[in-house]
Amino acid sequence: MPEPTAEELERRNRLQILPEIVSDQTSTDFPGHWPGENHAYDLEKFKKNFKVQFHTDDTASLMKAQKHAIPSSRRIDQVFSLIGIDASLANAFRRIMISEVPTLAIEDVFIYQNTSVIQDEVFAHRLGLIPLTADRLSLHNMAWYTKPVEGEPTATELTDQNCVILHLQVKCEWKEGGLEKAAKGVSDPNELYVNHSVYARDLVWQKHGKQTEWPEDDPVRSVYPDILIAKMRPGQEVIMKMHAHKGIGQDHAKFSPVATASYRLLPTIDILKPIVGADAKKFQGCFPPGVIRLDSVTSEDAKKYGELSEKEGEPKAVVANPMGDTVSREALRHPEFKDKVRLGRVRDHFIFKVESTGQWDSDELFLHSVQLLKTKAQRIKRGLDLMMK
Amino acid sequence: MSSYAGADTTAGASNPSGANNLSATEIDAHQRAVSYTCGDCDQDVQLRRGEPIRCRNCGHRVLYKKRTNRMVQFEAR
């Protein structure tokens, strides 16, 4: 059986990025494509080749930029690479993270009073979209709740296992002396009124049943305390009770645990002929900062390439960090780089970026997606076994 | 609901001499007052059945009924 060479394998593993088109997008490592070669799926081979790499992420800057109700040790914006995996699997994980990993979100709103300018249904919708957090083990152990639908017997009962009750009660009033201030022309609401804004931090969790045993220091609360739900003026009031249930993103986007989960393929930049001098500077400018480094031409380079013999010590473009490239293809626009650079992407190197809404950590979400895919595969296997009986 | 005065509230106010209306006013005098908001000065106005529809503060004759505390359920979708 013929074995392809390492160079051939690397060539097959690259997408080509040309000025107008992207080619070689599809993978070819499946049985029957290359005559005589064995590309049958092999778990041992996958285990040997598969790699996971973690990269520096933006969680710290994210935590600094916005006020969070979660500890800053949580990693909610992780970037990591899956290397040596097929696109079908990588995409399955991404899709499962977006639409099938369960989270807790407000589902039913019972409005007793709402004299704010936000209409009841809009208010309820806004409440639903607030990302909640709590003790993660307790959340994980929560059960599903199925709403009663007419004619369907599948409804479950509301219990402490599947329902979290939240309250919101805010009344806006004049501050002491606010009316006089307003008459004098002061218009800053902070000086005139109390409770002129309803924030997500005003949500109060009412423990019931077994929930009293949930950890004291990790109550059900909004991940972002400063989410503005409504603005009010003196005399306006909101009183409402909410039921939060577990659900999945497939049902409604509010249940999606990720702000987004996405991947991109690792870009490659191959410099085929040395780019030196002013051209090197220009070449560096064709890429985002940090992607191309400028080294100086060494005597070895001069020996290797005849045209560099006079140019020792001049700057030379070297690829430093292809991961930072946005693949703008700017380098392909300039005639001086013609035939000197080749852009591409690695077909089986997926750089994932999982931005969690805060209920779960990014890595937990990914592992959960793997577990869910496994469960699905097992279900299919069981079905097939039944079919063969 | 017994506190709801209905359409004859205005009739009772404009025509207090009617025998039927008089007895109705007597019964309702002990009942809970309904709170309205003045259309002009935004003050709270407590009205009982049979009383003239008029703001006690500014005399404005347009009053607005407040939203009740009745619960309405919404899906957060």
# chains A, B, ... in the order shown; residues from 1 in each chain; ligands from 1
call {"tool": "interface_residues", "arguments": {"of": "chain B", "to": "chain A", "cutoff": "6 Å", "atoms": "only C-alpha atoms", "output": "list in words"}}
result
Asn69, Arg70, Met71, Val72, Gln73, Phe74, Glu75, Ala76 and Arg77 of chain B
call {"tool": "write_last_selection", "arguments": {"atoms": "N, CA, C and O atoms", "output": "mmCIF file, in the first residue's frame"}}
result
data_model
loop_
_atom_site.group_PDB
_atom_site.id
_atom_site.type_symbol
_atom_site.label_atom_id
_atom_site.label_comp_id
_atom_site.auth_asym_id
_atom_site.auth_seq_id
_atom_site.Cartn_x
_atom_site.Cartn_y
_atom_site.Cartn_z
ATOM 1 N N ASN B 69 -53.835 45.905 40.379
ATOM 2 C CA ASN B 69 -52.750 44.991 40.762
ATOM 3 C C ASN B 69 -53.008 43.571 40.274
ATOM 4 O O ASN B 69 -52.402 42.632 40.759
ATOM 5 N N ARG B 70 -53.936 43.441 39.330
ATOM 6 C CA ARG B 70 -54.231 42.111 38.803
ATOM 7 C C ARG B 70 -53.010 41.564 38.070
ATOM 8 O O ARG B 70 -52.350 42.260 37.318
ATOM 9 N N MET B 71 -52.723 40.285 38.322
ATOM 10 C CA MET B 71 -51.532 39.678 37.735
ATOM 11 C C MET B 71 -51.777 39.329 36.271
ATOM 12 O O MET B 71 -52.828 38.805 35.927
ATOM 13 N N VAL B 72 -50.807 39.635 35.441
ATOM 14 C CA VAL B 72 -50.850 39.185 34.046
ATOM 15 C C VAL B 72 -49.597 38.365 33.777
ATOM 16 O O VAL B 72 -48.509 38.748 34.184
ATOM 17 N N GLN B 73 -49.777 37.244 33.116
ATOM 18 C CA GLN B 73 -48.630 36.366 32.884
ATOM 19 C C GLN B 73 -48.110 36.539 31.464
ATOM 20 O O GLN B 73 -48.889 36.604 30.504
ATOM 21 N N PHE B 74 -46.780 36.612 31.354
ATOM 22 C CA PHE B 74 -46.166 36.723 30.039
ATOM 23 C C PHE B 74 -45.060 35.699 29.905
ATOM 24 O O PHE B 74 -44.420 35.343 30.891
ATOM 25 N N GLU B 75 -44.835 35.247 28.694
ATOM 26 C CA GLU B 75 -43.673 34.419 28.415
ATOM 27 C C GLU B 75 -42.527 35.345 28.075
ATOM 28 O O GLU B 75 -42.703 36.292 27.314
ATOM 29 N N ALA B 76 -41.376 35.074 28.628
ATOM 30 C CA ALA B 76 -40.219 35.939 28.366
ATOM 31 C C ALA B 76 -39.586 35.575 27.026
ATOM 32 O O ALA B 76 -38.464 35.100 26.972
ATOM 33 N N ARG B 77 -40.312 35.768 25.937
ATOM 34 C CA ARG B 77 -39.802 35.374 24.623
ATOM 35 C C ARG B 77 -39.864 36.494 23.605
ATOM 36 O O ARG B 77 -40.605 37.410 23.775
#
call {"tool": "residues_around", "arguments": {"residues": "Lys47 in chain A", "least_positions_apart": "4", "cutoff": "12 Å", "atoms": "only C-alpha atoms", "output": "PyMOL selection string"}}
result
chain A and resi 41-43+51-52+83-85
call {"tool": "write_last_selection", "arguments": {"atoms": "N, CA, C and O atoms", "output": "mmCIF file, in the first residue's frame"}}
result
data_model
loop_
_atom_site.group_PDB
_atom_site.id
_atom_site.type_symbol
_atom_site.label_atom_id
_atom_site.label_comp_id
_atom_site.auth_asym_id
_atom_site.auth_seq_id
_atom_site.Cartn_x
_atom_site.Cartn_y
_atom_site.Cartn_z
ATOM 1 N N TYR A 41 -11.335 5.455 8.667
ATOM 2 C CA TYR A 41 -11.254 6.124 9.964
ATOM 3 C C TYR A 41 -10.663 5.171 10.994
ATOM 4 O O TYR A 41 -11.077 4.038 11.118
ATOM 5 N N ASP A 42 -9.673 5.667 11.716
ATOM 6 C CA ASP A 42 -8.973 4.808 12.656
ATOM 7 C C ASP A 42 -8.824 5.566 13.973
ATOM 8 O O ASP A 42 -8.196 6.625 14.015
ATOM 9 N N LEU A 43 -9.412 5.037 15.033
ATOM 10 C CA LEU A 43 -9.407 5.726 16.329
ATOM 11 C C LEU A 43 -7.989 5.891 16.864
ATOM 12 O O LEU A 43 -7.629 6.946 17.392
ATOM 13 N N LYS A 51 -4.476 16.939 18.810
ATOM 14 C CA LYS A 51 -3.828 17.799 19.817
ATOM 15 C C LYS A 51 -4.763 18.929 20.196
ATOM 16 O O LYS A 51 -5.531 19.426 19.370
ATOM 17 N N VAL A 52 -4.696 19.341 21.458
ATOM 18 C CA VAL A 52 -5.428 20.527 21.905
ATOM 19 C C VAL A 52 -4.413 21.523 22.424
ATOM 20 O O VAL A 52 -3.514 21.152 23.168
ATOM 21 N N ILE A 83 -6.350 20.405 16.886
ATOM 22 C CA ILE A 83 -5.519 20.105 15.718
ATOM 23 C C ILE A 83 -5.671 18.630 15.378
ATOM 24 O O ILE A 83 -5.609 17.776 16.276
ATOM 25 N N GLY A 84 -5.888 18.350 14.101
ATOM 26 C CA GLY A 84 -6.021 16.971 13.653
ATOM 27 C C GLY A 84 -7.430 16.426 13.801
ATOM 28 O O GLY A 84 -7.620 15.279 14.165
ATOM 29 N N ILE A 85 -8.418 17.270 13.535
ATOM 30 C CA ILE A 85 -9.812 16.828 13.632
ATOM 31 C C ILE A 85 -10.519 17.229 12.346
ATOM 32 O O ILE A 85 -10.125 18.202 11.687
#
call {"tool": "residues_around", "arguments": {"residues": "Asp44 in chain B", "least_positions_apart": "5", "cutoff": "12 Å", "atoms": "only C-alpha atoms", "output": "PyMOL selection string"}}
result
(chain A and resi 235) or (chain B and resi 33-39+54-58+63-66)
call {"tool": "write_last_selection", "arguments": {"atoms": "N, CA, C and O atoms", "output": "PDB file, in the first residue's frame"}}
result
ATOM      1  N   GLY A 235     -43.461  57.967  40.874  1.00  0.00           N
ATOM      2  CA  GLY A 235     -44.814  57.439  40.820  1.00  0.00           C
ATOM      3  C   GLY A 235     -44.909  56.149  40.039  1.00  0.00           C
ATOM      4  O   GLY A 235     -45.873  55.407  40.176  1.00  0.00           O
TER       5      GLY A 235
ATOM      6  N   ALA B  33     -62.774  53.388  48.901  1.00  0.00           N
ATOM      7  CA  ALA B  33     -62.661  54.435  47.899  1.00  0.00           C
ATOM      8  C   ALA B  33     -61.745  53.956  46.785  1.00  0.00           C
ATOM      9  O   ALA B  33     -60.830  53.181  47.020  1.00  0.00           O
ATOM     10  N   VAL B  34     -62.011  54.430  45.574  1.00  0.00           N
ATOM     11  CA  VAL B  34     -61.161  54.072  44.442  1.00  0.00           C
ATOM     12  C   VAL B  34     -60.231  55.250  44.173  1.00  0.00           C
ATOM     13  O   VAL B  34     -60.648  56.409  44.229  1.00  0.00           O
ATOM     14  N   SER B  35     -58.980  54.934  43.911  1.00  0.00           N
ATOM     15  CA  SER B  35     -57.999  55.995  43.719  1.00  0.00           C
ATOM     16  C   SER B  35     -57.812  56.274  42.228  1.00  0.00           C
ATOM     17  O   SER B  35     -57.671  55.356  41.431  1.00  0.00           O
ATOM     18  N   TYR B  36     -57.859  57.561  41.867  1.00  0.00           N
ATOM     19  CA  TYR B  36     -57.670  57.986  40.484  1.00  0.00           C
ATOM     20  C   TYR B  36     -56.505  58.964  40.421  1.00  0.00           C
ATOM     21  O   TYR B  36     -56.035  59.444  41.455  1.00  0.00           O
ATOM     22  N   THR B  37     -56.075  59.243  39.231  1.00  0.00           N
ATOM     23  CA  THR B  37     -55.021  60.244  39.051  1.00  0.00           C
ATOM     24  C   THR B  37     -55.599  61.437  38.312  1.00  0.00           C
ATOM     25  O   THR B  37     -56.309  61.263  37.314  1.00  0.00           O
ATOM     26  N   CYS B  38     -55.317  62.618  38.818  1.00  0.00           N
ATOM     27  CA  CYS B  38     -55.836  63.838  38.183  1.00  0.00           C
ATOM     28  C   CYS B  38     -55.139  64.048  36.842  1.00  0.00           C
ATOM     29  O   CYS B  38     -53.922  63.904  36.739  1.00  0.00           O
ATOM     30  N   GLY B  39     -55.908  64.427  35.855  1.00  0.00           N
ATOM     31  CA  GLY B  39     -55.347  64.618  34.525  1.00  0.00           C
ATOM     32  C   GLY B  39     -54.558  65.906  34.400  1.00  0.00           C
ATOM     33  O   GLY B  39     -53.826  66.099  33.444  1.00  0.00           O
ATOM     34  N   ARG B  54     -64.140  65.115  40.346  1.00  0.00           N
ATOM     35  CA  ARG B  54     -63.446  66.393  40.404  1.00  0.00           C
ATOM     36  C   ARG B  54     -62.207  66.217  41.270  1.00  0.00           C
ATOM     37  O   ARG B  54     -62.249  65.529  42.285  1.00  0.00           O
ATOM     38  N   CYS B  55     -61.122  66.808  40.849  1.00  0.00           N
ATOM     39  CA  CYS B  55     -59.898  66.718  41.644  1.00  0.00           C
ATOM     40  C   CYS B  55     -60.021  67.628  42.860  1.00  0.00           C
ATOM     41  O   CYS B  55     -60.412  68.776  42.742  1.00  0.00           O
ATOM     42  N   ARG B  56     -59.670  67.095  44.024  1.00  0.00           N
ATOM     43  CA  ARG B  56     -59.787  67.888  45.252  1.00  0.00           C
ATOM     44  C   ARG B  56     -58.710  68.970  45.297  1.00  0.00           C
ATOM     45  O   ARG B  56     -58.833  69.969  45.982  1.00  0.00           O
ATOM     46  N   ASN B  57     -57.667  68.771  44.578  1.00  0.00           N
ATOM     47  CA  ASN B  57     -56.535  69.696  44.620  1.00  0.00           C
ATOM     48  C   ASN B  57     -56.724  70.881  43.679  1.00  0.00           C
ATOM     49  O   ASN B  57     -56.612  72.034  44.075  1.00  0.00           O
ATOM     50  N   CYS B  58     -57.078  70.583  42.413  1.00  0.00           N
ATOM     51  CA  CYS B  58     -57.107  71.661  41.429  1.00  0.00           C
ATOM     52  C   CYS B  58     -58.468  71.822  40.765  1.00  0.00           C
ATOM     53  O   CYS B  58     -58.655  72.744  39.975  1.00  0.00           O
ATOM     54  N   LEU B  63     -60.269  62.656  35.263  1.00  0.00           N
ATOM     55  CA  LEU B  63     -59.492  61.775  36.147  1.00  0.00           C
ATOM     56  C   LEU B  63     -59.162  60.494  35.388  1.00  0.00           C
ATOM     57  O   LEU B  63     -59.959  60.050  34.566  1.00  0.00           O
ATOM     58  N   TYR B  64     -58.005  59.936  35.670  1.00  0.00           N
ATOM     59  CA  TYR B  64     -57.616  58.686  35.009  1.00  0.00           C
ATOM     60  C   TYR B  64     -57.646  57.532  35.991  1.00  0.00           C
ATOM     61  O   TYR B  64     -57.208  57.667  37.136  1.00  0.00           O
ATOM     62  N   LYS B  65     -58.145  56.413  35.535  1.00  0.00           N
ATOM     63  CA  LYS B  65     -58.172  55.221  36.368  1.00  0.00           C
ATOM     64  C   LYS B  65     -56.770  54.624  36.386  1.00  0.00           C
ATOM     65  O   LYS B  65     -56.058  54.650  35.378  1.00  0.00           O
ATOM     66  N   LYS B  66     -56.378  54.088  37.534  1.00  0.00           N
ATOM     67  CA  LYS B  66     -55.031  53.512  37.629  1.00  0.00           C
ATOM     68  C   LYS B  66     -55.039  52.054  37.191  1.00  0.00           C
ATOM     69  O   LYS B  66     -56.092  51.417  37.167  1.00  0.00           O
TER      70      LYS B  66
END
call {"tool": "atom_distance", "arguments": {"atom1": "CA of Ile269 in chain A", "atom2": "CA of Gly324 in chain A"}}
result
11.0 Å
call {"tool": "select_by_dssp", "arguments": {"residues": "range 215-293 of chain A", "states": "strand (DSSP E)", "output": "PyMOL selection string"}}
result
chain A and resi 221-222+228-231+237-247+258-271+292-293
call {"tool": "write_last_selection", "arguments": {"atoms": "C-alpha atoms", "output": "compact mmCIF listing (two decimals), in the first residue's frame"}}
result
# COMPACT_ATOMS: atom_id res chain seq x y z
CA ARG A 221 -28.21 36.44 40.15
CA SER A 222 -27.44 38.26 36.93
CA LEU A 228 -30.43 48.33 32.49
CA ILE A 229 -33.91 46.84 32.27
CA ALA A 230 -36.09 49.97 32.41
CA LYS A 231 -36.06 53.65 33.30
CA GLU A 237 -43.53 51.13 39.86
CA VAL A 238 -42.81 47.57 38.80
CA ILE A 239 -43.77 44.51 40.82
CA MET A 240 -43.20 41.13 39.23
CA LYS A 241 -42.43 37.52 39.93
CA MET A 242 -40.42 35.35 37.55
CA HIS A 243 -39.94 31.65 36.96
CA ALA A 244 -36.58 30.62 35.52
CA HIS A 245 -36.21 27.19 33.92
CA LYS A 246 -33.55 25.20 32.20
CA GLY A 247 -33.69 25.26 28.42
CA VAL A 258 -22.48 31.38 24.49
CA ALA A 259 -22.40 34.94 23.21
CA THR A 260 -20.94 33.11 20.30
CA ALA A 261 -18.79 30.07 19.75
CA SER A 262 -16.79 30.18 16.54
CA TYR A 263 -13.72 28.75 14.93
CA ARG A 264 -11.34 29.71 12.13
CA LEU A 265 -8.62 27.77 10.40
CA LEU A 266 -4.98 28.56 11.19
CA PRO A 267 -3.65 30.89 8.46
CA THR A 268 -0.28 30.12 6.89
CA ILE A 269 2.11 32.53 5.21
CA ASP A 270 4.92 30.99 3.17
CA ILE A 271 7.64 33.34 1.96
CA ILE A 292 5.58 39.63 10.29
CA ARG A 293 8.90 40.26 12.03
call {"tool": "closest_residue", "arguments": {"among": "A:Glu100, A:Asp86, A:Glu213, A:Glu150", "to": "Leu372 in chain A", "atoms": "only C-alpha atoms"}}
result
A:Glu100
call {"tool": "select_by_dssp", "arguments": {"residues": "range 29-64 of chain A", "states": "helix (DSSP H, G or I)", "output": "number ranges by chain"}}
result
A: 43-49, 59-64
call {"tool": "write_last_selection", "arguments": {"atoms": "C-alpha atoms", "output": "short mmCIF file (atom, residue, chain, number, x, y, z; two decimals), in the first residue's frame"}}
result
data_model
loop_
_atom_site.label_atom_id
_atom_site.label_comp_id
_atom_site.auth_asym_id
_atom_site.auth_seq_id
_atom_site.Cartn_x
_atom_site.Cartn_y
_atom_site.Cartn_z
CA LEU A 43 -9.41 5.73 16.33
CA GLU A 44 -5.78 4.92 17.19
CA LYS A 45 -4.55 7.17 14.39
CA PHE A 46 -6.85 9.95 15.59
CA LYS A 47 -5.61 9.56 19.16
CA LYS A 48 -2.02 9.78 17.96
CA ASN A 49 -2.52 12.86 15.79
CA THR A 59 -10.99 37.08 29.63
CA ALA A 60 -8.92 39.42 31.79
CA SER A 61 -9.59 42.49 29.64
CA LEU A 62 -13.24 41.48 29.37
CA MET A 63 -13.51 41.24 33.15
CA LYS A 64 -11.91 44.67 33.48
#
call {"tool": "residues_around", "arguments": {"residues": "Lys175 in chain A", "least_positions_apart": "4", "cutoff": "12 Å", "atoms": "only C-alpha atoms", "output": "NGL selection string"}}
result
:A and (179-182 or 188-196 or 233-235)
call {"tool": "atom_distance", "arguments": {"atom1": "CA of Pro225 in chain A", "atom2": "CA of Asp202 in chain A"}}
result
8.2 Å
